[in-house]
$ cat my_file.tsv   # TSV, C-alpha atoms and all ligand atoms
chain	number	residue	atom	x	y	z
N	71	MET	CA	101.78	66.71	114.52
N	72	ALA	CA	103.52	70.01	115.32
N	73	LYS	CA	101.81	71.75	118.18
N	74	THR	CA	102.79	74.02	120.97
N	75	CYS	CA	101.32	75.42	124.17
N	76	VAL	CA	101.86	79.12	124.76
N	77	LYS	CA	100.72	81.94	126.98
N	78	ALA	CA	98.71	84.02	124.55
N	79	GLN	CA	97.94	87.67	125.13
N	80	VAL	CA	94.49	88.93	124.26
N	81	ILE	CA	94.75	91.63	121.60
N	82	GLU	CA	91.09	92.49	121.42
N	83	GLN	CA	87.61	91.08	121.78
N	84	ASN	CA	84.57	92.29	119.86
N	85	THR	CA	80.90	91.47	119.87
N	86	ILE	CA	79.90	90.31	116.41
N	87	ALA	CA	76.19	89.85	117.03
N	88	GLY	CA	74.13	89.16	120.14
N	89	ASP	CA	75.94	86.35	121.96
N	90	VAL	CA	78.66	85.82	119.34
N	91	PHE	CA	82.14	87.18	119.93
N	92	ALA	CA	85.46	87.38	118.08
N	93	LEU	CA	88.54	86.96	120.23
N	94	ILE	CA	91.96	87.85	118.81
N	95	VAL	CA	95.06	86.61	120.63
N	96	ALA	CA	98.78	86.86	119.97
N	97	ALA	CA	100.24	83.39	119.50
N	98	PRO	CA	102.98	83.75	116.86
N	99	GLU	CA	104.32	80.19	117.16
N	100	ILE	CA	100.86	78.79	116.41
N	101	ALA	CA	99.88	81.39	113.81
N	102	ALA	CA	103.04	80.56	111.83
N	103	ILE	CA	101.96	76.99	111.15
N	104	ALA	CA	98.16	76.89	111.54
N	105	ARG	CA	96.13	75.60	108.57
N	106	PRO	CA	92.46	76.11	107.78
N	107	GLY	CA	90.33	73.57	109.62
N	108	GLN	CA	92.65	73.19	112.60
N	109	PHE	CA	91.70	74.27	116.10
N	110	VAL	CA	93.19	75.54	119.34
N	111	HIS	CA	92.51	74.43	122.89
N	112	LEU	CA	92.12	77.37	125.22
N	113	ARG	CA	92.34	77.48	128.99
N	114	LEU	CA	91.17	80.66	130.60
N	115	ALA	CA	92.78	80.41	134.01
N	116	ASP	CA	95.34	78.44	136.00
N	117	THR	CA	92.93	75.74	137.02
N	118	LEU	CA	92.28	72.05	136.38
N	119	ASP	CA	88.56	72.73	135.91
N	120	PRO	CA	87.74	71.06	132.58
N	121	LEU	CA	84.90	73.53	132.00
N	122	LEU	CA	87.53	76.20	131.55
N	123	ARG	CA	89.34	74.31	128.79
N	124	ARG	CA	87.71	74.42	125.40
N	125	PRO	CA	88.45	73.67	121.76
N	126	PHE	CA	87.79	76.46	119.26
N	127	SER	CA	88.21	76.32	115.53
N	128	ILE	CA	90.61	78.89	114.15
N	129	ALA	CA	88.49	81.39	112.23
N	130	ASP	CA	91.39	83.49	111.06
N	131	CYS	CA	95.14	83.60	111.35
N	132	ASN	CA	97.67	86.28	110.51
N	133	ALA	CA	101.14	84.73	110.41
N	134	GLU	CA	102.84	88.11	109.90
N	135	GLN	CA	101.22	89.69	112.93
N	136	GLY	CA	101.31	86.42	114.86
N	137	THR	CA	97.61	86.51	115.71
N	138	LEU	CA	94.74	84.03	115.80
N	139	THR	CA	91.03	84.77	115.78
N	140	VAL	CA	88.34	82.52	117.22
N	141	ILE	CA	84.65	83.27	116.76
N	142	TYR	CA	82.45	81.74	119.44
N	143	ARG	CA	78.91	81.73	120.72
N	144	VAL	CA	78.19	81.90	124.46
N	145	VAL	CA	76.89	78.47	125.42
N	146	GLY	CA	77.85	77.95	129.08
N	147	ARG	CA	80.04	78.87	131.98
N	148	GLY	CA	83.35	78.67	130.12
N	149	THR	CA	82.25	80.90	127.28
N	150	VAL	CA	80.54	83.36	129.65
N	151	LEU	CA	83.91	83.77	131.38
N	152	MET	CA	85.55	84.12	128.00
N	153	THR	CA	83.43	87.17	127.21
N	154	LYS	CA	85.12	88.95	130.15
N	155	LEU	CA	88.56	88.73	128.56
N	156	GLN	CA	90.10	92.09	127.74
N	157	ALA	CA	93.15	93.31	125.87
N	158	GLY	CA	96.27	92.38	127.80
N	159	ASP	CA	94.80	89.34	129.58
N	160	ILE	CA	96.77	86.11	129.26
N	161	ILE	CA	95.31	82.68	128.43
N	162	ASP	CA	96.78	79.25	127.72
N	163	CYS	CA	96.60	78.39	124.04
N	164	MET	CA	97.56	74.96	122.70
N	165	GLY	CA	97.68	74.34	118.98
N	166	PRO	CA	97.40	74.10	116.14
N	167	LEU	CA	95.52	70.85	116.72
N	168	GLY	CA	93.89	68.33	114.41
N	169	LYS	CA	94.00	67.89	110.68
N	170	GLY	CA	92.98	70.73	108.40
N	171	PHE	CA	91.32	70.92	105.00
N	172	ASP	CA	92.81	69.77	101.72
N	173	LEU	CA	93.63	72.96	99.81
N	174	THR	CA	93.98	71.65	96.26
N	175	ALA	CA	90.55	72.75	94.99
N	176	GLN	CA	90.49	75.01	91.96
N	177	ARG	CA	86.74	75.62	92.17
N	178	PRO	CA	85.79	75.31	95.83
N	179	LEU	CA	82.27	75.32	97.26
N	180	LEU	CA	82.08	76.02	101.00
N	181	ILE	CA	78.96	75.12	102.96
N	182	GLY	CA	78.40	76.25	106.53
N	183	GLY	CA	75.55	76.11	108.99
N	184	GLY	CA	75.35	78.29	112.12
N	185	MET	CA	78.66	78.50	113.98
N	186	GLY	CA	80.04	75.96	111.50
N	187	LEU	CA	80.74	79.02	109.39
N	188	ALA	CA	83.59	80.07	111.70
N	189	PRO	CA	86.38	77.76	110.44
N	190	LEU	CA	85.42	78.35	106.82
N	191	VAL	CA	86.52	82.02	107.00
N	192	MET	CA	90.19	81.02	107.13
N	193	LEU	CA	89.58	78.42	104.44
N	194	ALA	CA	87.98	80.95	102.08
N	195	LYS	CA	90.94	83.30	102.56
N	196	ALA	CA	93.39	80.49	101.78
N	197	PHE	CA	91.91	80.11	98.31
N	198	CYS	CA	92.54	83.82	97.48
N	199	SER	CA	93.23	83.54	93.72
N	200	ARG	CA	90.77	80.66	93.37
N	201	PRO	CA	87.55	82.45	94.30
N	202	ALA	CA	85.32	80.39	96.52
N	203	THR	CA	81.55	80.20	96.53
N	204	ILE	CA	79.80	79.86	99.87
N	205	LEU	CA	76.41	78.46	100.75
N	206	MET	CA	75.45	79.47	104.27
N	207	GLY	CA	72.48	78.76	106.47
N	208	GLY	CA	71.01	79.55	109.86
N	209	ARG	CA	67.74	79.72	111.70
N	210	ASN	CA	66.95	83.37	110.97
N	211	GLU	CA	68.32	86.74	109.89
N	212	GLN	CA	69.75	87.49	113.36
N	213	GLU	CA	71.95	84.39	113.07
N	214	LEU	CA	73.07	85.28	109.57
N	215	PHE	CA	75.58	88.05	110.29
N	216	TRP	CA	78.11	86.08	108.25
N	217	PRO	CA	77.63	87.63	104.77
N	218	GLU	CA	79.50	90.75	105.93
N	219	ILE	CA	82.41	88.60	107.11
N	220	TYR	CA	82.54	86.65	103.86
N	221	ALA	CA	81.92	89.58	101.53
N	222	GLY	CA	85.56	90.23	100.75
N	223	VAL	CA	86.70	86.64	100.56
N	224	CYS	CA	84.04	84.74	98.60
N	225	GLN	CA	83.01	85.42	95.03
N	226	ASN	CA	79.42	84.24	95.44
N	227	ILE	CA	77.33	84.05	98.58
N	228	HIS	CA	74.12	82.00	98.79
N	229	ILE	CA	71.96	82.23	101.90
N	230	THR	CA	69.24	80.08	103.44
N	231	THR	CA	67.28	80.51	106.65
N	232	ASP	CA	64.80	78.18	108.30
N	233	ASP	CA	62.19	80.96	108.52
N	234	GLY	CA	62.95	82.71	105.22
N	235	SER	CA	63.74	86.01	106.96
N	236	ILE	CA	66.73	86.36	104.64
N	237	GLY	CA	67.70	84.36	101.57
N	238	HIS	CA	66.06	81.13	100.50
N	239	ARG	CA	63.57	79.64	102.96
N	240	GLY	CA	64.50	76.10	103.91
N	241	PHE	CA	67.48	73.95	104.73
N	242	THR	CA	70.95	74.76	103.47
N	243	VAL	CA	71.25	71.48	101.64
N	244	ASP	CA	68.07	72.23	99.63
N	245	LEU	CA	70.01	74.64	97.41
N	246	LEU	CA	72.94	72.32	96.84
N	247	PRO	CA	71.70	70.30	93.81
N	248	GLU	CA	70.97	73.50	91.89
N	249	LEU	CA	74.42	74.93	92.63
N	250	LEU	CA	76.13	71.71	91.59
N	251	LYS	CA	74.20	71.70	88.30
N	252	GLN	CA	75.10	75.35	87.62
N	253	ASP	CA	78.83	75.23	88.28
N	254	LYS	CA	81.68	72.73	88.03
N	255	PHE	CA	82.86	72.70	91.63
N	256	ASP	CA	85.75	70.32	92.21
N	257	ARG	CA	85.57	70.20	96.03
N	258	ILE	CA	82.94	70.76	98.69
N	259	TYR	CA	83.99	71.77	102.20
N	260	ALA	CA	81.31	71.69	104.86
N	261	CYS	CA	80.97	72.44	108.56
N	262	GLY	CA	77.82	72.63	110.65
N	263	PRO	CA	75.15	70.49	112.29
N	264	HIS	CA	75.36	66.73	111.76
N	265	ALA	CA	72.08	66.53	109.80
N	266	MET	CA	73.33	69.19	107.38
N	267	LEU	CA	76.66	67.43	106.92
N	268	LYS	CA	74.91	64.13	106.23
N	269	GLY	CA	72.75	65.78	103.58
N	270	VAL	CA	75.77	67.49	102.02
N	271	ALA	CA	77.76	64.22	102.00
N	272	GLU	CA	74.92	62.33	100.30
N	273	THR	CA	74.34	65.05	97.69
N	274	ALA	CA	78.08	65.40	96.98
N	275	ALA	CA	78.36	61.64	96.47
N	276	TYR	CA	75.33	61.66	94.12
N	277	TYR	CA	76.91	64.39	91.97
N	278	GLY	CA	80.40	62.88	92.19
N	279	VAL	CA	82.06	65.89	93.87
N	280	PRO	CA	84.78	65.10	96.47
N	281	CYS	CA	83.68	66.43	99.84
N	282	GLN	CA	85.36	67.17	103.13
N	283	VAL	CA	83.45	67.71	106.35
N	284	SER	CA	84.61	69.26	109.61
N	285	LEU	CA	82.98	67.49	112.54
N	286	GLU	CA	82.04	69.17	115.78
N	287	GLU	CA	82.21	66.91	118.83
N	288	TYR	CA	82.65	67.47	122.53
N	289	MET	CA	86.42	67.42	123.19
N	290	ALA	CA	87.91	67.25	126.66
N	291	CYS	CA	91.64	66.87	126.01
N	292	GLY	CA	92.00	67.84	122.33
N	293	VAL	CA	95.06	65.63	121.88
N	294	GLY	CA	93.81	62.06	121.53
N	295	ALA	CA	94.09	60.96	125.15
N	296	CYS	CA	90.57	60.86	126.61
N	297	LEU	CA	88.34	59.33	123.85
N	298	SER	CA	85.57	61.83	124.57
N	299	CYS	CA	85.36	62.86	120.93
N	300	THR	CA	85.07	59.63	118.97
N	301	CYS	CA	82.73	59.14	116.03
N	302	ALA	CA	81.85	56.09	113.94
N	303	GLY	CA	83.93	55.59	110.81
N	304	ALA	CA	82.66	54.01	107.59
N	305	SER	CA	85.20	51.19	107.93
N	306	GLY	CA	83.78	50.19	111.30
N	307	LYS	CA	86.68	51.71	113.20
N	308	ARG	CA	85.99	54.69	115.48
N	309	HIS	CA	87.77	57.95	114.71
N	310	LYS	CA	89.10	60.40	117.25
N	311	VAL	CA	87.75	63.70	115.96
N	312	CYS	CA	90.50	65.70	117.70
N	313	THR	CA	93.46	63.92	116.10
N	314	ASP	CA	92.10	61.95	113.11
N	315	GLY	CA	90.00	65.02	112.21
N	316	PRO	CA	88.21	67.31	112.77
N	317	VAL	CA	88.30	67.34	108.95
N	318	PHE	CA	87.43	64.05	107.23
N	319	TRP	CA	86.60	63.02	103.72
N	320	ALA	CA	82.84	62.47	103.74
N	321	GLU	CA	83.20	58.78	102.82
N	322	GLU	CA	85.34	58.15	105.92
N	323	VAL	CA	82.37	58.86	108.21
N	324	ALA	CA	79.51	56.48	109.04
N	325	TRP	CA	76.49	58.74	108.65
M	401	LIG	FE1	90.33	63.63	124.04
M	401	LIG	FE2	89.73	63.58	121.43
M	401	LIG	S1	89.29	65.10	122.87
M	401	LIG	S2	90.64	62.01	122.60
$ encode --input "my_file.tsv" --output "structure tokens"
Amino acid sequence: MAKTCVKAQVIEQNTIAGDVFALIVAAPEIAAIARPGQFVHLRLADTLDPLLRRPFSIADCNAEQGTLTVIYRVVGRGTVLMTKLQAGDIIDCMGPLGKGFDLTAQRPLLIGGGMGLAPLVMLAKAFCSRPATILMGGRNEQELFWPEIYAGVCQNIHITTDDGSIGHRGFTVDLLPELLKQDKFDRIYACGPHAMLKGVAETAAYYGVPCQVSLEEYMACGVGACLSCTCAGASGKRHKVCTDGPVFWAEEVAW
């Protein structure tokens, strides 16, 4: 697995909505080879404090400009410190890490819940001439700032919220059977909460559509050394999400 560790300069940081931020850093060596679904491991300061090392999915990548974008929600001390980063600051950036998505779909359906929508931005862009459809869900309208981000890169956008404040009221997976009956999707790509992924995997299997899922697990090292990220595999073997994934075929996972 080709990966590198670089000192990355912050280009800019913007608030997307409430406690969600987009951080753009210059890391040309990583941007040149990153694939949708891979992640980077960031360290904010010269310290051994594990709270200051974090994995972030790559939300966007510009190989020509040599930049990477991560979209993150503030969830604790590490991400609070991250919000203080300004243009010109330097952070450690290791990547690209993990295995990315299969890109052979001709008729892709992307499904994302909450912050699981972040890695699917780069995936949607990768399909360019094969317009993707996206089904997205969140708790409420405030959480669903994603349609603007996906507007230029997905042909069709379907929205669900738990409270019905925007889009269909209910769970994301509720809309899936109808979409699969309406259109001949040849791949499903999903990222989000475990319960959503399980529902997507079961529905995809029922309709016979190959499905990949991107799993979110706590990761301490990001490179296969600490075993903090393992999940149960369908074969009985445990997978390391950081190196065997984070993207898996749905049938590889024990749900
Ligand atoms: Fe350490 Fe996966 S994060 S083994």
$ closest_residue --input "my_file.tsv" --among "N:Ala96, N:Glu213, N:Leu193, N:Arg124" --to "Leu151 of chain N" --atoms "all atoms listed in the file"
N:Arg124
$ residues_near_ligand --input "my_file.tsv" --ligand "ligand LIG 401 (chain M)" --cutoff "7 Å" --atoms "only C-alpha atoms and all ligand atoms" --output "number ranges by chain"
N: 289-300, 310-313
$ closest_residue --input "my_file.tsv" --among "N:Gly303, N:Pro247, N:Gly136, N:Pro201" --to "Val270 of chain N" --atoms "all atoms listed in the file"
N:Pro247
$ closest_residue --input "my_file.tsv" --among "N:Leu246, N:Ala101, N:Ile181, N:Ala175" --to "Cys198 of chain N" --atoms "only C-alpha atoms"
N:Ala175
$ atom_distance --input "my_file.tsv" --atom1 "atom CA of Asp256 of chain N" --atom2 "atom CA of Glu272 of chain N"
15.7 Å
$ closest_residue --input "my_file.tsv" --among "N:Cys301, N:Ala129, N:Cys261, N:Ala221" --to "Gln282 of chain N" --atoms "all atoms listed in the file"
N:Cys261
$ residues_around --input "my_file.tsv" --residues "Glu211 of chain N" --least-positions-apart "4" --cutoff "10 Å" --atoms "all atoms listed in the file" --output "list in words"
Gly207, Phe215, Trp216, Ile229, Thr230, Thr231, Asp232, Asp233, Gly234, Ser235, Ile236 and Gly237 of chain N
$ closest_residue --input "my_file.tsv" --among "N:Leu114, N:Leu180, N:Met206, N:Ala260" --to "Thr149 of chain N" --atoms "all atoms listed in the file"
N:Leu114
$ atom_distance --input "my_file.tsv" --atom1 "atom CA of Leu245 of chain N" --atom2 "atom CA of Arg200 of chain N"
22.0 Å
$ closest_residue --input "my_file.tsv" --among "N:Asp159, N:Glu218, N:Glu286, N:Glu321" --to "Ala78 of chain N" --atoms "all atoms listed in the file"
N:Asp159
$ residues_around --input "my_file.tsv" --residues "Gly165 of chain N" --least-positions-apart "6" --cutoff "6 Å" --atoms "all atoms listed in the file" --output "number ranges by chain"
N: 73-74, 110
$ residues_around --input "my_file.tsv" --residues "Leu267 of chain N" --least-positions-apart "4" --cutoff "12 Å" --atoms "all atoms listed in the file" --output "mmCIF file with C-alpha atoms, keeping the file's coordinate frame"
data_model
loop_
_atom_site.group_PDB
_atom_site.id
_atom_site.type_symbol
_atom_site.label_atom_id
_atom_site.label_comp_id
_atom_site.auth_asym_id
_atom_site.auth_seq_id
_atom_site.Cartn_x
_atom_site.Cartn_y
_atom_site.Cartn_z
ATOM 1 C CA LEU N 180 82.080 76.020 101.000
ATOM 2 C CA ILE N 181 78.960 75.120 102.960
ATOM 3 C CA GLY N 182 78.400 76.250 106.530
ATOM 4 C CA GLY N 183 75.550 76.110 108.990
ATOM 5 C CA GLY N 186 80.040 75.960 111.500
ATOM 6 C CA PHE N 241 67.480 73.950 104.730
ATOM 7 C CA THR N 242 70.950 74.760 103.470
ATOM 8 C CA VAL N 243 71.250 71.480 101.640
ATOM 9 C CA LEU N 246 72.940 72.320 96.840
ATOM 10 C CA ILE N 258 82.940 70.760 98.690
ATOM 11 C CA TYR N 259 83.990 71.770 102.200
ATOM 12 C CA ALA N 260 81.310 71.690 104.860
ATOM 13 C CA CYS N 261 80.970 72.440 108.560
ATOM 14 C CA GLY N 262 77.820 72.630 110.650
ATOM 15 C CA PRO N 263 75.150 70.490 112.290
ATOM 16 C CA ALA N 271 77.760 64.220 102.000
ATOM 17 C CA GLU N 272 74.920 62.330 100.300
ATOM 18 C CA THR N 273 74.340 65.050 97.690
ATOM 19 C CA ALA N 274 78.080 65.400 96.980
ATOM 20 C CA CYS N 281 83.680 66.430 99.840
ATOM 21 C CA GLN N 282 85.360 67.170 103.130
ATOM 22 C CA VAL N 283 83.450 67.710 106.350
ATOM 23 C CA SER N 284 84.610 69.260 109.610
ATOM 24 C CA LEU N 285 82.980 67.490 112.540
ATOM 25 C CA GLU N 286 82.040 69.170 115.780
ATOM 26 C CA VAL N 317 88.300 67.340 108.950
ATOM 27 C CA PHE N 318 87.430 64.050 107.230
ATOM 28 C CA TRP N 319 86.600 63.020 103.720
ATOM 29 C CA ALA N 320 82.840 62.470 103.740
ATOM 30 C CA GLU N 321 83.200 58.780 102.820
ATOM 31 C CA VAL N 323 82.370 58.860 108.210
ATOM 32 C CA ALA N 324 79.510 56.480 109.040
ATOM 33 C CA TRP N 325 76.490 58.740 108.650
#
$ atom_distance --input "my_file.tsv" --atom1 "atom CA of Arg113 of chain N" --atom2 "atom CA of Tyr142 of chain N"
14.4 Å
$ decode --input "my_file.tsv" --residues "segment 219-249 of chain N" --atoms "N, CA, C and O atoms" --output "PDB file, in the first residue's frame"
ATOM      1  N   ILE N 219     -23.738  20.646  -1.487  1.00  0.00           N
ATOM      2  CA  ILE N 219     -22.420  20.094  -1.814  1.00  0.00           C
ATOM      3  C   ILE N 219     -22.526  19.103  -2.975  1.00  0.00           C
ATOM      4  O   ILE N 219     -21.662  19.042  -3.839  1.00  0.00           O
ATOM      5  N   TYR N 220     -23.621  18.360  -2.989  1.00  0.00           N
ATOM      6  CA  TYR N 220     -23.779  17.321  -4.013  1.00  0.00           C
ATOM      7  C   TYR N 220     -24.467  17.822  -5.282  1.00  0.00           C
ATOM      8  O   TYR N 220     -24.545  17.087  -6.270  1.00  0.00           O
ATOM      9  N   ALA N 221     -24.955  19.045  -5.254  1.00  0.00           N
ATOM     10  CA  ALA N 221     -25.779  19.531  -6.369  1.00  0.00           C
ATOM     11  C   ALA N 221     -25.078  19.432  -7.722  1.00  0.00           C
ATOM     12  O   ALA N 221     -25.680  19.042  -8.714  1.00  0.00           O
ATOM     13  N   GLY N 222     -23.806  19.750  -7.767  1.00  0.00           N
ATOM     14  CA  GLY N 222     -23.120  19.732  -9.057  1.00  0.00           C
ATOM     15  C   GLY N 222     -22.561  18.386  -9.449  1.00  0.00           C
ATOM     16  O   GLY N 222     -22.072  18.217 -10.571  1.00  0.00           O
ATOM     17  N   VAL N 223     -22.601  17.417  -8.555  1.00  0.00           N
ATOM     18  CA  VAL N 223     -21.908  16.163  -8.846  1.00  0.00           C
ATOM     19  C   VAL N 223     -22.823  14.941  -8.901  1.00  0.00           C
ATOM     20  O   VAL N 223     -22.383  13.868  -9.307  1.00  0.00           O
ATOM     21  N   CYS N 224     -24.062  15.086  -8.491  1.00  0.00           N
ATOM     22  CA  CYS N 224     -24.999  13.957  -8.573  1.00  0.00           C
ATOM     23  C   CYS N 224     -26.192  14.353  -9.433  1.00  0.00           C
ATOM     24  O   CYS N 224     -26.690  15.479  -9.351  1.00  0.00           O
ATOM     25  N   GLN N 225     -26.655  13.415 -10.223  1.00  0.00           N
ATOM     26  CA  GLN N 225     -27.768  13.688 -11.129  1.00  0.00           C
ATOM     27  C   GLN N 225     -29.082  13.802 -10.357  1.00  0.00           C
ATOM     28  O   GLN N 225     -29.894  14.678 -10.615  1.00  0.00           O
ATOM     29  N   ASN N 226     -29.279  12.895  -9.419  1.00  0.00           N
ATOM     30  CA  ASN N 226     -30.516  12.877  -8.632  1.00  0.00           C
ATOM     31  C   ASN N 226     -30.174  12.843  -7.151  1.00  0.00           C
ATOM     32  O   ASN N 226     -29.258  12.121  -6.743  1.00  0.00           O
ATOM     33  N   ILE N 227     -30.909  13.629  -6.379  1.00  0.00           N
ATOM     34  CA  ILE N 227     -30.677  13.676  -4.939  1.00  0.00           C
ATOM     35  C   ILE N 227     -31.985  13.342  -4.220  1.00  0.00           C
ATOM     36  O   ILE N 227     -33.008  13.989  -4.470  1.00  0.00           O
ATOM     37  N   HIS N 228     -31.957  12.332  -3.372  1.00  0.00           N
ATOM     38  CA  HIS N 228     -33.124  11.946  -2.572  1.00  0.00           C
ATOM     39  C   HIS N 228     -32.768  12.156  -1.100  1.00  0.00           C
ATOM     40  O   HIS N 228     -31.669  11.787  -0.673  1.00  0.00           O
ATOM     41  N   ILE N 229     -33.701  12.736  -0.367  1.00  0.00           N
ATOM     42  CA  ILE N 229     -33.406  13.143   1.013  1.00  0.00           C
ATOM     43  C   ILE N 229     -34.398  12.522   1.995  1.00  0.00           C
ATOM     44  O   ILE N 229     -35.604  12.483   1.718  1.00  0.00           O
ATOM     45  N   THR N 230     -33.868  12.074   3.136  1.00  0.00           N
ATOM     46  CA  THR N 230     -34.740  11.658   4.241  1.00  0.00           C
ATOM     47  C   THR N 230     -34.252  12.335   5.521  1.00  0.00           C
ATOM     48  O   THR N 230     -33.059  12.595   5.677  1.00  0.00           O
ATOM     49  N   THR N 231     -35.184  12.624   6.409  1.00  0.00           N
ATOM     50  CA  THR N 231     -34.812  13.073   7.757  1.00  0.00           C
ATOM     51  C   THR N 231     -35.687  12.345   8.768  1.00  0.00           C
ATOM     52  O   THR N 231     -36.838  11.987   8.471  1.00  0.00           O
ATOM     53  N   ASP N 232     -35.119  12.145   9.945  1.00  0.00           N
ATOM     54  CA  ASP N 232     -35.866  11.431  10.993  1.00  0.00           C
ATOM     55  C   ASP N 232     -37.147  12.171  11.350  1.00  0.00           C
ATOM     56  O   ASP N 232     -38.174  11.556  11.634  1.00  0.00           O
ATOM     57  N   ASP N 233     -37.076  13.531  11.351  1.00  0.00           N
ATOM     58  CA  ASP N 233     -38.244  14.306  11.787  1.00  0.00           C
ATOM     59  C   ASP N 233     -39.082  14.850  10.630  1.00  0.00           C
ATOM     60  O   ASP N 233     -40.065  15.557  10.852  1.00  0.00           O
ATOM     61  N   GLY N 234     -38.680  14.568   9.414  1.00  0.00           N
ATOM     62  CA  GLY N 234     -39.450  15.031   8.247  1.00  0.00           C
ATOM     63  C   GLY N 234     -39.314  16.516   7.966  1.00  0.00           C
ATOM     64  O   GLY N 234     -40.058  17.060   7.155  1.00  0.00           O
ATOM     65  N   SER N 235     -38.333  17.185   8.598  1.00  0.00           N
ATOM     66  CA  SER N 235     -38.198  18.636   8.382  1.00  0.00           C
ATOM     67  C   SER N 235     -37.748  18.961   6.963  1.00  0.00           C
ATOM     68  O   SER N 235     -37.934  20.083   6.493  1.00  0.00           O
ATOM     69  N   ILE N 236     -37.152  18.012   6.287  1.00  0.00           N
ATOM     70  CA  ILE N 236     -36.858  18.160   4.858  1.00  0.00           C
ATOM     71  C   ILE N 236     -36.855  16.755   4.262  1.00  0.00           C
ATOM     72  O   ILE N 236     -36.425  15.792   4.894  1.00  0.00           O
ATOM     73  N   GLY N 237     -37.381  16.646   3.061  1.00  0.00           N
ATOM     74  CA  GLY N 237     -37.414  15.348   2.385  1.00  0.00           C
ATOM     75  C   GLY N 237     -38.404  14.376   2.997  1.00  0.00           C
ATOM     76  O   GLY N 237     -39.323  14.754   3.727  1.00  0.00           O
ATOM     77  N   HIS N 238     -38.179  13.111   2.724  1.00  0.00           N
ATOM     78  CA  HIS N 238     -39.058  12.049   3.209  1.00  0.00           C
ATOM     79  C   HIS N 238     -38.851  11.841   4.708  1.00  0.00           C
ATOM     80  O   HIS N 238     -37.702  11.833   5.173  1.00  0.00           O
ATOM     81  N   ARG N 239     -39.923  11.684   5.458  1.00  0.00           N
ATOM     82  CA  ARG N 239     -39.784  11.435   6.891  1.00  0.00           C
ATOM     83  C   ARG N 239     -39.551   9.946   7.133  1.00  0.00           C
ATOM     84  O   ARG N 239     -40.342   9.107   6.700  1.00  0.00           O
ATOM     85  N   GLY N 240     -38.453   9.646   7.813  1.00  0.00           N
ATOM     86  CA  GLY N 240     -38.170   8.242   8.120  1.00  0.00           C
ATOM     87  C   GLY N 240     -36.701   7.938   7.946  1.00  0.00           C
ATOM     88  O   GLY N 240     -35.869   8.841   7.835  1.00  0.00           O
ATOM     89  N   PHE N 241     -36.391   6.650   7.944  1.00  0.00           N
ATOM     90  CA  PHE N 241     -34.998   6.226   7.812  1.00  0.00           C
ATOM     91  C   PHE N 241     -34.577   6.210   6.343  1.00  0.00           C
ATOM     92  O   PHE N 241     -35.395   5.970   5.448  1.00  0.00           O
ATOM     93  N   THR N 242     -33.293   6.423   6.147  1.00  0.00           N
ATOM     94  CA  THR N 242     -32.752   6.466   4.790  1.00  0.00           C
ATOM     95  C   THR N 242     -33.085   5.195   4.014  1.00  0.00           C
ATOM     96  O   THR N 242     -33.485   5.239   2.850  1.00  0.00           O
ATOM     97  N   VAL N 243     -32.951   4.076   4.693  1.00  0.00           N
ATOM     98  CA  VAL N 243     -33.126   2.799   4.003  1.00  0.00           C
ATOM     99  C   VAL N 243     -34.582   2.558   3.591  1.00  0.00           C
ATOM    100  O   VAL N 243     -34.848   1.746   2.699  1.00  0.00           O
ATOM    101  N   ASP N 244     -35.513   3.309   4.180  1.00  0.00           N
ATOM    102  CA  ASP N 244     -36.933   3.144   3.813  1.00  0.00           C
ATOM    103  C   ASP N 244     -37.174   3.418   2.330  1.00  0.00           C
ATOM    104  O   ASP N 244     -38.062   2.827   1.717  1.00  0.00           O
ATOM    105  N   LEU N 245     -36.430   4.355   1.765  1.00  0.00           N
ATOM    106  CA  LEU N 245     -36.637   4.743   0.359  1.00  0.00           C
ATOM    107  C   LEU N 245     -35.944   3.804  -0.624  1.00  0.00           C
ATOM    108  O   LEU N 245     -36.187   3.868  -1.826  1.00  0.00           O
ATOM    109  N   LEU N 246     -35.066   2.966  -0.114  1.00  0.00           N
ATOM    110  CA  LEU N 246     -34.206   2.185  -1.004  1.00  0.00           C
ATOM    111  C   LEU N 246     -34.964   1.215  -1.910  1.00  0.00           C
ATOM    112  O   LEU N 246     -34.698   1.163  -3.121  1.00  0.00           O
ATOM    113  N   PRO N 247     -35.922   0.437  -1.399  1.00  0.00           N
ATOM    114  CA  PRO N 247     -36.617  -0.512  -2.297  1.00  0.00           C
ATOM    115  C   PRO N 247     -37.251   0.195  -3.491  1.00  0.00           C
ATOM    116  O   PRO N 247     -37.149  -0.279  -4.626  1.00  0.00           O
ATOM    117  N   GLU N 248     -37.871   1.357  -3.234  1.00  0.00           N
ATOM    118  CA  GLU N 248     -38.529   2.081  -4.326  1.00  0.00           C
ATOM    119  C   GLU N 248     -37.506   2.517  -5.384  1.00  0.00           C
ATOM    120  O   GLU N 248     -37.754   2.384  -6.593  1.00  0.00           O
ATOM    121  N   LEU N 249     -36.370   3.022  -4.937  1.00  0.00           N
ATOM    122  CA  LEU N 249     -35.334   3.458  -5.883  1.00  0.00           C
ATOM    123  C   LEU N 249     -34.806   2.284  -6.698  1.00  0.00           C
ATOM    124  O   LEU N 249     -34.552   2.405  -7.899  1.00  0.00           O
TER     125      LEU N 249
END
